[in-house]
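**Student:** Sharing target-v9.txt below, compact mmCIF, N, CA and C atoms:
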```txt
# COMPACT_ATOMS: atom_id res chain seq x y z
N MET N 1 149.54 54.64 128.76
CA MET N 1 149.89 55.64 127.77
C MET N 1 148.64 56.10 127.03
N ASP N 2 148.67 57.34 126.63
CA ASP N 2 147.58 57.94 125.89
C ASP N 2 147.54 57.34 124.48
N PRO N 3 146.40 56.78 124.05
CA PRO N 3 146.32 56.17 122.72
C PRO N 3 146.67 57.14 121.59
N LEU N 4 146.28 58.40 121.73
CA LEU N 4 146.58 59.39 120.69
C LEU N 4 148.08 59.62 120.59
N ALA N 5 148.74 59.83 121.71
CA ALA N 5 150.19 60.06 121.70
C ALA N 5 150.92 58.84 121.16
N LYS N 6 150.45 57.65 121.53
CA LYS N 6 151.09 56.42 121.08
C LYS N 6 150.94 56.24 119.56
N ALA N 7 149.74 56.50 119.04
CA ALA N 7 149.50 56.38 117.60
C ALA N 7 150.27 57.44 116.81
N LEU N 8 150.32 58.65 117.33
CA LEU N 8 151.09 59.72 116.68
C LEU N 8 152.56 59.36 116.65
N GLY N 9 153.08 58.88 117.77
CA GLY N 9 154.48 58.48 117.84
C GLY N 9 154.82 57.38 116.85
N ALA N 10 153.91 56.43 116.70
CA ALA N 10 154.13 55.32 115.76
C ALA N 10 154.19 55.84 114.32
N ARG N 11 153.32 56.80 114.01
CA ARG N 11 153.32 57.36 112.66
C ARG N 11 154.59 58.17 112.39
N ILE N 12 155.03 58.91 113.40
CA ILE N 12 156.27 59.67 113.25
C ILE N 12 157.44 58.72 113.03
N ARG N 13 157.52 57.65 113.82
CA ARG N 13 158.59 56.66 113.67
C ARG N 13 158.56 56.04 112.26
N MET N 14 157.37 55.68 111.79
CA MET N 14 157.24 55.07 110.47
C MET N 14 157.74 56.02 109.38
N GLN N 15 157.35 57.30 109.47
CA GLN N 15 157.78 58.27 108.47
C GLN N 15 159.28 58.54 108.57
N ARG N 16 159.80 58.59 109.80
CA ARG N 16 161.24 58.81 109.99
C ARG N 16 162.03 57.67 109.35
N LYS N 17 161.58 56.45 109.55
CA LYS N 17 162.27 55.30 108.96
C LYS N 17 162.14 55.30 107.44
N ALA N 18 160.99 55.72 106.94
CA ALA N 18 160.80 55.81 105.49
C ALA N 18 161.76 56.84 104.88
N CYS N 19 162.07 57.87 105.65
CA CYS N 19 163.03 58.89 105.20
C CYS N 19 164.47 58.48 105.49
N ARG N 20 164.64 57.31 106.09
CA ARG N 20 165.97 56.77 106.43
C ARG N 20 166.76 57.73 107.31
N LEU N 21 166.07 58.25 108.33
CA LEU N 21 166.71 59.13 109.30
C LEU N 21 166.80 58.41 110.65
N SER N 22 167.88 58.64 111.34
CA SER N 22 167.99 58.14 112.71
C SER N 22 167.27 59.12 113.64
N GLN N 23 167.02 58.66 114.86
CA GLN N 23 166.44 59.57 115.85
C GLN N 23 167.38 60.75 116.08
N ASP N 24 168.68 60.48 116.09
CA ASP N 24 169.67 61.55 116.27
C ASP N 24 169.56 62.60 115.17
N ALA N 25 169.47 62.15 113.93
CA ALA N 25 169.40 63.07 112.80
C ALA N 25 168.11 63.89 112.84
N LEU N 26 167.00 63.24 113.16
CA LEU N 26 165.73 63.95 113.26
C LEU N 26 165.79 64.98 114.38
N ALA N 27 166.30 64.58 115.51
CA ALA N 27 166.39 65.49 116.66
C ALA N 27 167.25 66.70 116.33
N LEU N 28 168.39 66.47 115.71
CA LEU N 28 169.29 67.56 115.35
C LEU N 28 168.62 68.52 114.38
N ALA N 29 167.97 67.97 113.36
CA ALA N 29 167.32 68.82 112.36
C ALA N 29 166.14 69.60 112.94
N CYS N 30 165.49 69.05 113.98
CA CYS N 30 164.34 69.71 114.61
C CYS N 30 164.73 70.56 115.81
N SER N 31 166.00 70.53 116.17
CA SER N 31 166.49 71.25 117.35
C SER N 31 165.79 70.81 118.63
N ILE N 32 165.63 69.49 118.76
CA ILE N 32 165.10 68.92 120.00
C ILE N 32 166.02 67.80 120.45
N ASP N 33 165.94 67.45 121.71
CA ASP N 33 166.81 66.43 122.28
C ASP N 33 166.47 65.05 121.72
N ARG N 34 167.50 64.22 121.46
CA ARG N 34 167.28 62.88 120.91
C ARG N 34 166.43 62.03 121.83
N SER N 35 166.64 62.14 123.12
CA SER N 35 165.84 61.33 124.05
C SER N 35 164.38 61.74 124.00
N TYR N 36 164.12 63.02 123.70
CA TYR N 36 162.74 63.48 123.58
C TYR N 36 162.09 62.88 122.33
N VAL N 37 162.85 62.75 121.25
CA VAL N 37 162.32 62.09 120.05
C VAL N 37 161.91 60.66 120.38
N GLY N 38 162.74 59.97 121.14
CA GLY N 38 162.40 58.61 121.56
C GLY N 38 161.12 58.58 122.38
N ARG N 39 160.96 59.53 123.27
CA ARG N 39 159.75 59.59 124.09
C ARG N 39 158.52 59.91 123.25
N ILE N 40 158.69 60.75 122.22
CA ILE N 40 157.59 61.06 121.30
C ILE N 40 157.18 59.78 120.59
N GLU N 41 158.15 59.07 120.04
CA GLU N 41 157.85 57.87 119.26
C GLU N 41 157.23 56.75 120.11
N ARG N 42 157.54 56.73 121.39
CA ARG N 42 156.94 55.73 122.29
C ARG N 42 155.59 56.19 122.84
N GLY N 43 155.20 57.41 122.53
CA GLY N 43 153.92 57.93 122.99
C GLY N 43 153.91 58.32 124.45
N GLU N 44 155.06 58.66 124.97
CA GLU N 44 155.18 59.01 126.39
C GLU N 44 154.91 60.49 126.66
N VAL N 45 154.90 61.31 125.62
CA VAL N 45 154.67 62.75 125.77
C VAL N 45 153.67 63.23 124.74
N ASN N 46 153.00 64.31 125.06
CA ASN N 46 152.12 65.00 124.11
C ASN N 46 152.89 66.18 123.56
N ILE N 47 153.09 66.20 122.26
CA ILE N 47 153.89 67.27 121.66
C ILE N 47 153.02 68.47 121.29
N THR N 48 153.67 69.61 121.16
CA THR N 48 152.96 70.81 120.74
C THR N 48 152.75 70.79 119.23
N VAL N 49 151.84 71.61 118.78
CA VAL N 49 151.59 71.75 117.35
C VAL N 49 152.85 72.26 116.66
N GLU N 50 153.56 73.15 117.31
CA GLU N 50 154.80 73.68 116.75
C GLU N 50 155.80 72.54 116.48
N LYS N 51 155.97 71.64 117.44
CA LYS N 51 156.90 70.52 117.25
C LYS N 51 156.40 69.57 116.16
N LEU N 52 155.10 69.38 116.09
CA LEU N 52 154.53 68.53 115.04
C LEU N 52 154.88 69.09 113.66
N TYR N 53 154.73 70.40 113.50
CA TYR N 53 155.04 71.04 112.22
C TYR N 53 156.55 70.99 111.93
N ARG N 54 157.35 71.17 112.96
CA ARG N 54 158.80 71.11 112.79
C ARG N 54 159.21 69.71 112.34
N ILE N 55 158.68 68.70 112.99
CA ILE N 55 159.00 67.31 112.65
C ILE N 55 158.52 67.00 111.23
N ALA N 56 157.30 67.40 110.91
CA ALA N 56 156.75 67.15 109.57
C ALA N 56 157.60 67.83 108.50
N GLY N 57 158.09 69.02 108.78
CA GLY N 57 158.94 69.73 107.82
C GLY N 57 160.21 68.95 107.53
N VAL N 58 160.84 68.43 108.57
CA VAL N 58 162.07 67.65 108.40
C VAL N 58 161.77 66.33 107.68
N LEU N 59 160.61 65.75 107.97
CA LEU N 59 160.24 64.48 107.35
C LEU N 59 159.59 64.67 105.97
N ALA N 60 159.51 65.91 105.52
CA ALA N 60 158.98 66.25 104.19
C ALA N 60 157.58 65.68 103.98
N CYS N 61 156.71 65.90 104.97
CA CYS N 61 155.33 65.44 104.82
C CYS N 61 154.40 66.49 105.42
N ASP N 62 153.14 66.34 105.14
CA ASP N 62 152.12 67.22 105.69
C ASP N 62 151.90 66.83 107.15
N PRO N 63 151.84 67.80 108.05
CA PRO N 63 151.60 67.46 109.46
C PRO N 63 150.35 66.60 109.66
N ALA N 64 149.33 66.85 108.86
CA ALA N 64 148.08 66.08 108.99
C ALA N 64 148.30 64.60 108.70
N SER N 65 149.27 64.28 107.86
CA SER N 65 149.51 62.88 107.54
C SER N 65 150.09 62.11 108.72
N LEU N 66 150.64 62.82 109.69
CA LEU N 66 151.19 62.19 110.88
C LEU N 66 150.13 61.93 111.94
N LEU N 67 149.00 62.63 111.82
CA LEU N 67 147.94 62.47 112.81
C LEU N 67 147.19 61.16 112.57
N PRO N 68 146.96 60.39 113.62
CA PRO N 68 146.24 59.12 113.46
C PRO N 68 144.76 59.35 113.14
N ARG N 69 144.19 58.41 112.44
CA ARG N 69 142.76 58.46 112.14
C ARG N 69 141.99 58.04 113.38
N MET N 70 140.75 58.45 113.44
CA MET N 70 139.90 58.12 114.58
C MET N 70 139.79 56.60 114.76
N THR N 71 139.75 55.88 113.66
CA THR N 71 139.62 54.41 113.75
C THR N 71 140.86 53.78 114.41
N GLU N 72 142.02 54.39 114.23
CA GLU N 72 143.23 53.87 114.88
C GLU N 72 143.13 54.02 116.40
N LEU N 73 142.48 55.06 116.84
CA LEU N 73 142.34 55.32 118.28
C LEU N 73 141.29 54.41 118.90
N GLN N 74 140.27 54.07 118.14
CA GLN N 74 139.21 53.21 118.65
C GLN N 74 139.68 51.77 118.81
N ASP N 75 140.67 51.38 117.98
CA ASP N 75 141.19 50.02 118.03
C ASP N 75 142.14 49.82 119.20
N SER N 76 142.64 50.92 119.78
CA SER N 76 143.63 50.83 120.85
C SER N 76 143.01 50.41 122.16
```
For this file, produce the structure as structure tokens.

**Tutor:**
Amino acid sequence: MDPLAKALGARIRMQRKACRLSQDALALACSIDRSYVGRIERGEVNITVEKLYRIAGVLACDPASLLPRMTELQDS
């Protein structure tokens, strides 16, 4: 798996849980398939910037806050 996609997925999962949303609820609010949300969170896919912004909007955070730091990628 791509370290960037994996780290991004982990951050999205952490923020989703902090917002107390299920994958189903996030997927519905973002108009994407629930199984795709699972694949995002596991780092199995590279998402578009558009989807990143859509997810961040639903999670009420800045899209940049979901992006992993360079140090997180170096540790992988």

**Student:** Env of N:Glu41: 8 Å cut, atoms = only N, CA and C atoms, seq-sep filter 6 positions within chain, self excluded. Answer as a ChimeraX atom specification.

**Tutor:** /N:5-14,35

**Student:** To one decimal in Å, tell me the separation between atom N of N:Arg34 and atom CA of N:Thr48.

**Tutor:**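 These atoms are spaced 16.0 Å apart.
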
**Student:** Can you work out the spacing between atom CA of N:Val58 and atom N of N:Asp33 in Å, to one decimal?

**Tutor:**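 Interatomic distance here is 13.9 Å.
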
**Student:** Tell me which of N:Leu52, N:Met70, N:Leu26, N:Ala18 sits closest to N:Gly38, counting only C-alpha atoms.

**Tutor:**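 Of N:Leu52, N:Met70, N:Leu26, N:Ala18, the one nearest N:Gly38 is N:Leu26, counting only C-alpha atoms.
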
**Student:** Taking 6 positions as the minimum chain separation for residues in the same chain, which residues sit within 12 Å of N:Ala56 when counting only C-alpha atoms? Answer as an NGL selection string.

**Tutor:** :N and (8 or 11-13 or 15-16 or 19 or 26 or 29-30 or 49-50 or 62-67)

**Student:** Would you kindly return, as JSON, numbers by chain, each protein, DNA or RNA residue with an atom no farther than 8 Å from any atom of N:Leu4, considering all atoms listed in the file and excluding same-chain residues fewer than 6 positions away?

**Tutor:** {"N": [10, 43, 45, 46, 68, 72, 73]}

**Student:** Assign secondary structure with DSSP using the backbone only, and return the residues of chain N in alpha helix (DSSP H) as an NGL selection string.

**Tutor:** :N and (3-18 or 23-30 or 34-41 or 49-58 or 63-66 or 70-74)

**Student:** When you draw a straight line from atom CA of N:Asp2 to atom N of N:Glu44, how long is it in Å?

**Tutor:**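 That distance, rounded to one decimal, is 7.6 Å.
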
**Student:** May I ask which of the residues N:Arg42, N:Leu59, N:Gln74, N:Lys51 is the closest one to N:Lys17, counting only C-alpha atoms?

**Tutor:**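 Among N:Arg42, N:Leu59, N:Gln74, N:Lys51, it is N:Leu59 that comes nearest to N:Lys17.
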
**Student:** Return the single residue from N:Asp24, N:Arg54, N:Cys61, N:Thr71 that is closest to N:Val37, with distances computed using all atoms listed in the file.

**Tutor:**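 Nearest candidate to N:Val37 out of N:Asp24, N:Arg54, N:Cys61, N:Thr71: N:Asp24.
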